[in-house]
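Note: the block below is entry29.cif and it holds mmCIF, C-alpha atoms; chains and numbers go by the auth columns.
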data_structure
loop_
_atom_site.group_PDB
_atom_site.id
_atom_site.type_symbol
_atom_site.label_atom_id
_atom_site.label_comp_id
_atom_site.label_asym_id
_atom_site.label_seq_id
_atom_site.Cartn_x
_atom_site.Cartn_y
_atom_site.Cartn_z
_atom_site.B_iso_or_equiv
_atom_site.auth_seq_id
_atom_site.auth_asym_id
ATOM 1 C CA MET A 1 20.366 137.831 74.647 0.00 1 A
ATOM 2 C CA SER A 2 23.442 138.696 72.701 0.00 2 A
ATOM 3 C CA ALA A 3 23.501 139.403 69.000 0.00 3 A
ATOM 4 C CA GLN A 4 25.029 135.992 68.345 0.00 4 A
ATOM 5 C CA GLU A 5 22.198 134.214 70.206 0.00 5 A
ATOM 6 C CA ASP A 6 19.657 136.183 68.169 0.00 6 A
ATOM 7 C CA GLN A 7 21.392 135.214 64.966 0.00 7 A
ATOM 8 C CA PHE A 8 21.833 131.514 65.833 0.00 8 A
ATOM 9 C CA PRO A 9 18.955 130.156 67.941 0.00 9 A
ATOM 10 C CA ALA A 10 19.327 126.959 69.911 0.00 10 A
ATOM 11 C CA ALA A 11 19.490 123.814 67.816 0.00 11 A
ATOM 12 C CA ALA A 12 17.415 121.776 70.259 0.00 12 A
ATOM 13 C CA PRO A 13 13.995 120.888 68.859 0.00 13 A
ATOM 14 C CA GLY A 14 11.247 122.911 70.435 0.00 14 A
ATOM 15 C CA PRO A 15 7.611 121.993 70.941 0.00 15 A
ATOM 16 C CA ALA A 16 6.742 123.575 67.585 0.00 16 A
ATOM 17 C CA ASP A 17 9.049 121.126 65.795 0.00 17 A
ATOM 18 C CA PRO A 18 6.843 118.331 64.412 0.00 18 A
ATOM 19 C CA SER A 19 9.637 115.771 64.547 0.00 19 A
ATOM 20 C CA ALA A 20 10.205 116.349 68.267 0.00 20 A
ATOM 21 C CA ASP A 21 7.154 114.431 69.441 0.00 21 A
ATOM 22 C CA ASP A 22 7.269 111.343 67.213 0.00 22 A
ATOM 23 C CA GLY A 23 9.645 109.447 69.529 0.00 23 A
ATOM 24 C CA MET A 24 12.201 108.555 66.865 0.00 24 A
ATOM 25 C CA THR A 25 15.891 108.678 67.672 0.00 25 A
ATOM 26 C CA TRP A 26 18.219 110.471 65.297 0.00 26 A
ATOM 27 C CA TRP A 27 19.830 107.289 64.018 0.00 27 A
ATOM 28 C CA TYR A 28 16.456 105.623 63.353 0.00 28 A
ATOM 29 C CA ARG A 29 15.251 108.702 61.508 0.00 29 A
ATOM 30 C CA TRP A 30 18.357 108.533 59.296 0.00 30 A
ATOM 31 C CA LEU A 31 17.876 104.794 58.798 0.00 31 A
ATOM 32 C CA CYS A 32 14.340 105.449 57.551 0.00 32 A
ATOM 33 C CA ARG A 33 15.558 108.210 55.250 0.00 33 A
ATOM 34 C CA ILE A 34 18.363 106.055 53.833 0.00 34 A
ATOM 35 C CA ALA A 35 15.912 103.187 53.301 0.00 35 A
ATOM 36 C CA GLY A 36 13.625 105.610 51.462 0.00 36 A
ATOM 37 C CA VAL A 37 16.433 106.817 49.192 0.00 37 A
ATOM 38 C CA VAL A 38 17.668 103.274 48.471 0.00 38 A
ATOM 39 C CA GLY A 39 14.037 102.266 47.862 0.00 39 A
ATOM 40 C CA GLY A 40 13.719 105.126 45.398 0.00 40 A
ATOM 41 C CA MET A 41 16.818 103.989 43.544 0.00 41 A
ATOM 42 C CA SER A 42 15.625 100.383 43.381 0.00 42 A
ATOM 43 C CA CYS A 43 12.187 101.511 42.170 0.00 43 A
ATOM 44 C CA ALA A 44 13.770 103.707 39.491 0.00 44 A
ATOM 45 C CA PHE A 45 16.085 101.038 38.109 0.00 45 A
ATOM 46 C CA ALA A 46 13.537 98.238 38.284 0.00 46 A
ATOM 47 C CA GLY A 47 10.848 100.503 36.793 0.00 47 A
ATOM 48 C CA LEU A 48 13.085 101.401 33.885 0.00 48 A
ATOM 49 C CA TRP A 49 13.901 97.739 33.363 0.00 49 A
ATOM 50 C CA ASN A 50 10.200 96.888 33.593 0.00 50 A
ATOM 51 C CA CYS A 51 9.343 99.373 30.839 0.00 51 A
ATOM 52 C CA ILE A 52 11.534 97.544 28.316 0.00 52 A
ATOM 53 C CA THR A 53 8.877 95.029 27.309 0.00 53 A
ATOM 54 C CA ILE A 54 5.830 94.527 25.123 0.00 54 A
ATOM 55 C CA ASN A 55 3.340 93.689 27.870 0.00 55 A
ATOM 56 C CA PRO A 56 1.275 96.816 28.683 0.00 56 A
ATOM 57 C CA LEU A 57 0.785 95.846 32.345 0.00 57 A
ATOM 58 C CA ASN A 58 4.544 95.628 32.799 0.00 58 A
ATOM 59 C CA ILE A 59 4.920 99.060 31.222 0.00 59 A
ATOM 60 C CA ALA A 60 2.227 100.497 33.502 0.00 60 A
ATOM 61 C CA ALA A 61 3.888 98.928 36.560 0.00 61 A
ATOM 62 C CA GLY A 62 7.268 100.286 35.445 0.00 62 A
ATOM 63 C CA VAL A 63 5.917 103.798 35.000 0.00 63 A
ATOM 64 C CA TRP A 64 4.262 103.596 38.439 0.00 64 A
ATOM 65 C CA MET A 65 7.545 102.412 39.952 0.00 65 A
ATOM 66 C CA MET A 66 9.405 105.366 38.450 0.00 66 A
ATOM 67 C CA LEU A 67 6.720 107.650 39.847 0.00 67 A
ATOM 68 C CA ASN A 68 7.254 105.982 43.243 0.00 68 A
ATOM 69 C CA ALA A 69 10.974 106.668 42.920 0.00 69 A
ATOM 70 C CA PHE A 70 10.312 110.328 42.186 0.00 70 A
ATOM 71 C CA VAL A 71 7.988 110.661 45.203 0.00 71 A
ATOM 72 C CA LEU A 72 10.460 108.873 47.488 0.00 72 A
ATOM 73 C CA PHE A 73 13.287 111.148 46.356 0.00 73 A
ATOM 74 C CA LEU A 74 11.053 114.177 46.754 0.00 74 A
ATOM 75 C CA CYS A 75 10.029 113.262 50.312 0.00 75 A
ATOM 76 C CA GLU A 76 13.244 111.755 51.670 0.00 76 A
ATOM 77 C CA ALA A 77 16.008 113.520 49.743 0.00 77 A
ATOM 78 C CA PRO A 78 14.791 116.832 48.319 0.00 78 A
ATOM 79 C CA PHE A 79 18.366 117.863 47.502 0.00 79 A
ATOM 80 C CA CYS A 80 18.226 115.322 44.662 0.00 80 A
ATOM 81 C CA CYS A 81 15.379 117.361 43.151 0.00 81 A
ATOM 82 C CA GLN A 82 16.896 120.804 43.650 0.00 82 A
ATOM 83 C CA PHE A 83 15.872 122.041 40.193 0.00 83 A
ATOM 84 C CA ILE A 84 12.189 121.440 40.905 0.00 84 A
ATOM 85 C CA GLU A 85 10.672 124.545 42.452 0.00 85 A
ATOM 86 C CA PHE A 86 8.197 122.837 44.763 0.00 86 A
ATOM 87 C CA ALA A 87 10.616 120.168 46.089 0.00 87 A
ATOM 88 C CA ASN A 88 11.357 121.876 49.407 0.00 88 A
ATOM 89 C CA ALA A 89 7.695 122.631 50.049 0.00 89 A
ATOM 90 C CA VAL A 90 6.756 118.991 49.477 0.00 90 A
ATOM 91 C CA ALA A 91 9.637 117.797 51.669 0.00 91 A
ATOM 92 C CA THR A 92 8.640 120.039 54.585 0.00 92 A
ATOM 93 C CA ARG A 93 5.041 118.901 54.265 0.00 93 A
ATOM 94 C CA ALA A 94 6.172 115.257 54.181 0.00 94 A
ATOM 95 C CA ASP A 95 8.283 115.829 57.303 0.00 95 A
ATOM 96 C CA LYS A 96 5.167 117.012 59.132 0.00 96 A
ATOM 97 C CA LEU A 97 3.411 113.697 58.504 0.00 97 A
ATOM 98 C CA ARG A 98 3.253 111.221 61.353 0.00 98 A
ATOM 99 C CA PRO A 99 5.260 108.004 60.953 0.00 99 A
ATOM 100 C CA TRP A 100 2.166 105.829 60.524 0.00 100 A
ATOM 101 C CA GLN A 101 0.952 108.079 57.714 0.00 101 A
ATOM 102 C CA LYS A 102 4.284 107.780 55.915 0.00 102 A
ATOM 103 C CA ALA A 103 4.198 104.022 56.488 0.00 103 A
ATOM 104 C CA ALA A 104 0.750 103.660 54.947 0.00 104 A
ATOM 105 C CA PHE A 105 1.691 105.904 52.023 0.00 105 A
ATOM 106 C CA TYR A 106 4.997 104.172 51.220 0.00 106 A
ATOM 107 C CA CYS A 107 3.623 100.645 51.617 0.00 107 A
ATOM 108 C CA GLY A 108 0.576 101.488 49.506 0.00 108 A
ATOM 109 C CA MET A 109 2.755 102.977 46.793 0.00 109 A
ATOM 110 C CA ALA A 110 4.948 99.870 46.770 0.00 110 A
ATOM 111 C CA VAL A 111 2.093 97.339 46.666 0.00 111 A
ATOM 112 C CA PHE A 112 0.255 98.821 43.681 0.00 112 A
ATOM 113 C CA PRO A 113 2.825 97.946 40.955 0.00 113 A
ATOM 114 C CA VAL A 114 3.092 94.411 42.334 0.00 114 A
ATOM 115 C CA MET A 115 -0.677 94.052 42.009 0.00 115 A
ATOM 116 C CA LEU A 116 -0.476 95.351 38.417 0.00 116 A
ATOM 117 C CA SER A 117 2.240 92.975 37.306 0.00 117 A
ATOM 118 C CA LEU A 118 3.513 90.229 39.589 0.00 118 A
ATOM 119 C CA THR A 119 7.054 89.673 38.351 0.00 119 A
ATOM 120 C CA LEU A 120 10.414 89.366 40.065 0.00 120 A
ATOM 121 C CA THR A 121 11.374 92.812 38.815 0.00 121 A
ATOM 122 C CA THR A 122 8.396 94.466 40.482 0.00 122 A
ATOM 123 C CA LEU A 123 8.818 92.417 43.658 0.00 123 A
ATOM 124 C CA PHE A 124 12.508 93.158 44.108 0.00 124 A
ATOM 125 C CA GLY A 125 12.180 96.727 42.881 0.00 125 A
ATOM 126 C CA ASN A 126 9.481 97.577 45.407 0.00 126 A
ATOM 127 C CA ALA A 127 10.826 95.518 48.307 0.00 127 A
ATOM 128 C CA VAL A 128 13.114 98.238 49.657 0.00 128 A
ATOM 129 C CA ALA A 129 10.444 100.927 49.284 0.00 129 A
ATOM 130 C CA PHE A 130 8.036 98.667 51.170 0.00 130 A
ATOM 131 C CA ALA A 131 10.736 98.099 53.800 0.00 131 A
ATOM 132 C CA ALA A 132 11.036 101.877 54.258 0.00 132 A
ATOM 133 C CA GLY A 133 7.300 101.969 54.928 0.00 133 A
ATOM 134 C CA VAL A 134 7.652 99.107 57.407 0.00 134 A
ATOM 135 C CA LEU A 135 10.443 100.985 59.220 0.00 135 A
ATOM 136 C CA TYR A 136 8.210 104.040 59.531 0.00 136 A
ATOM 137 C CA GLY A 137 5.395 101.783 60.734 0.00 137 A
ATOM 138 C CA LEU A 138 7.602 100.266 63.408 0.00 138 A
ATOM 139 C CA SER A 139 8.545 103.720 64.623 0.00 139 A
ATOM 140 C CA ALA A 140 4.847 104.530 64.937 0.00 140 A
ATOM 141 C CA LEU A 141 4.490 101.689 67.441 0.00 141 A
ATOM 142 C CA GLY A 142 6.835 103.457 69.823 0.00 142 A
ATOM 143 C CA LYS A 143 9.546 102.320 72.169 0.00 143 A
ATOM 144 C CA LYS A 144 9.528 99.049 73.994 0.00 144 A
ATOM 145 C CA GLY A 145 8.885 99.498 77.709 0.00 145 A
ATOM 146 C CA ASP A 146 11.488 98.630 80.293 0.00 146 A
ATOM 147 C CA ALA A 147 11.111 95.753 82.751 0.00 147 A
ATOM 148 C CA ILE A 148 10.608 97.957 85.823 0.00 148 A
ATOM 149 C CA SER A 149 7.633 99.860 84.448 0.00 149 A
ATOM 150 C CA TYR A 150 6.142 96.611 83.116 0.00 150 A
ATOM 151 C CA ALA A 151 6.490 95.015 86.574 0.00 151 A
ATOM 152 C CA ARG A 152 4.790 98.049 88.175 0.00 152 A
ATOM 153 C CA ILE A 153 1.871 97.789 85.761 0.00 153 A
ATOM 154 C CA GLN A 154 1.495 94.080 86.463 0.00 154 A
ATOM 155 C CA GLN A 155 1.639 94.680 90.206 0.00 155 A
ATOM 156 C CA GLN A 156 -1.010 97.394 89.953 0.00 156 A
ATOM 157 C CA LYS A 157 -3.266 95.085 87.934 0.00 157 A
ATOM 158 C CA GLN A 158 -2.808 92.327 90.479 0.00 158 A
ATOM 159 C CA MET A 159 -3.672 94.678 93.360 0.00 159 A
ATOM 160 C CA ASP A 160 -6.767 95.892 91.500 0.00 160 A
ATOM 161 C CA GLU A 161 -7.888 92.304 90.913 0.00 161 A
ATOM 162 C CA GLU A 162 -7.376 91.460 94.588 0.00 162 A
ATOM 163 C CA LYS A 163 -9.458 94.466 95.621 0.00 163 A
ATOM 164 C CA LEU A 164 -12.154 93.500 93.162 0.00 164 A
ATOM 165 C CA THR A 165 -12.289 89.871 94.293 0.00 165 A
ATOM 166 C CA GLY A 166 -12.290 91.000 97.950 0.00 166 A
ATOM 167 C CA ALA A 167 -15.222 93.287 97.249 0.00 167 A
ATOM 168 C CA MET A 168 -17.045 90.509 95.410 0.00 168 A
ATOM 169 C CA GLU A 169 -16.518 88.033 98.301 0.00 169 A
ATOM 170 C CA GLY A 170 -17.851 90.639 100.722 0.00 170 A
ATOM 171 C CA GLN A 171 -21.014 91.015 98.656 0.00 171 A
ATOM 172 C CA ALA A 172 -21.511 87.282 98.288 0.00 172 A
ATOM 173 C CA LEU A 173 -21.576 86.694 102.057 0.00 173 A
#

Turn this file's structure into structure tokens for me.
Amino acid sequence: MSAQEDQFPAAAPGPADPSADDGMTWWYRWLCRIAGVVGGMSCAFAGLWNCITINPLNIAAGVWMMLNAFVLFLCEAPFCCQFIEFANAVATRADKLRPWQKAAFYCGMAVFPVMLSLTLTTLFGNAVAFAAGVLYGLSALGKKGDAISYARIQQQKQMDEEKLTGAMEGQAL
């Protein structure tokens, strides 16, 4: 290896990279991140708007929404929190989570303020954050299979059923 190769290793994700085995394409990963950032902004603005009231449940839901915004920014866009010392550590730990874990976390965070105070502000403010969780959940399901592999599986099942029914007819006689 040359000195340049030692200094700049290959950019291809290796087996130690946690994001290499989740099956997400680069554009879908960016879509999820952008949805998380936009969800954080909507939670922050709607949470601030929700806090301008007299009702204590609305204030609690607004504070929770602003906390959701902070967590979404911390996990999806740590450069927005560059003056917080632990931001990069939290972001790397969040990147190691599987997509279904992020989906459950984001959807759970978005549902709680709606359960506290069911208003249009909490619904619309948490909708994009919930959508980010749904996008991560869809990525956890994996890719849709192609028609050729599906046909092979169906053919194999049919052959197995024919063998089974042939064996059963042989035993019945």

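Considering only C-alpha atoms, the residue among A:Tyr106, A:Phe45, A:Phe79, A:Trp27 positioned nearest to Val63 (chain A) is A:Phe45.
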
message: Measuring between all atoms listed in the file, which one of A:Ala104, A:Cys81, A:Val111, A:Ala35 shows the shortest distance to Ala61 (chain A)?
response: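 So, comparing all the options, the nearest one is A:Val111.
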
task: Kindly resolve the PyMOL selection byres ((chain A and resi 80) around 12) on the present coordinates and return the residues as a list of chain:residue names.
output: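 Checking the PyMOL selection byres ((chain A and resi 80) around 12) against this file, the residues are A:Val37, A:Gly40, A:Met41, A:Ala69, A:Phe70, A:Val71, A:Leu72, A:Phe73, A:Leu74, A:Cys75, A:Glu76, A:Ala77, A:Pro78, A:Phe79, A:Cys81, A:Gln82, A:Phe83, A:Ile84, A:Ala87, A:Asn88, A:Ala91.
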
- request: May I have the residues at most 12 Å from (4.0, 101.7, 55.1) in the file's coordinates, counting all atoms listed in the file, as a PyMOL selection string?
  value: chain A and resi 32+36+98-111+126-140

- prompt: Residues picked by the PyMOL selection byres ((chain A and resi 51) around 8) here, as a count of residues only?
  reply: 12

Draw an axis-aligned box tight on the listed atoms of region 50-60 of chain A, then pad every side by 4 Å and write out centre and edge lengths in Å to one decimal as JSON.
{"center_x": 6.2, "center_y": 97.1, "center_z": 29.4, "size_x": 18.7, "size_y": 14.8, "size_z": 16.5}
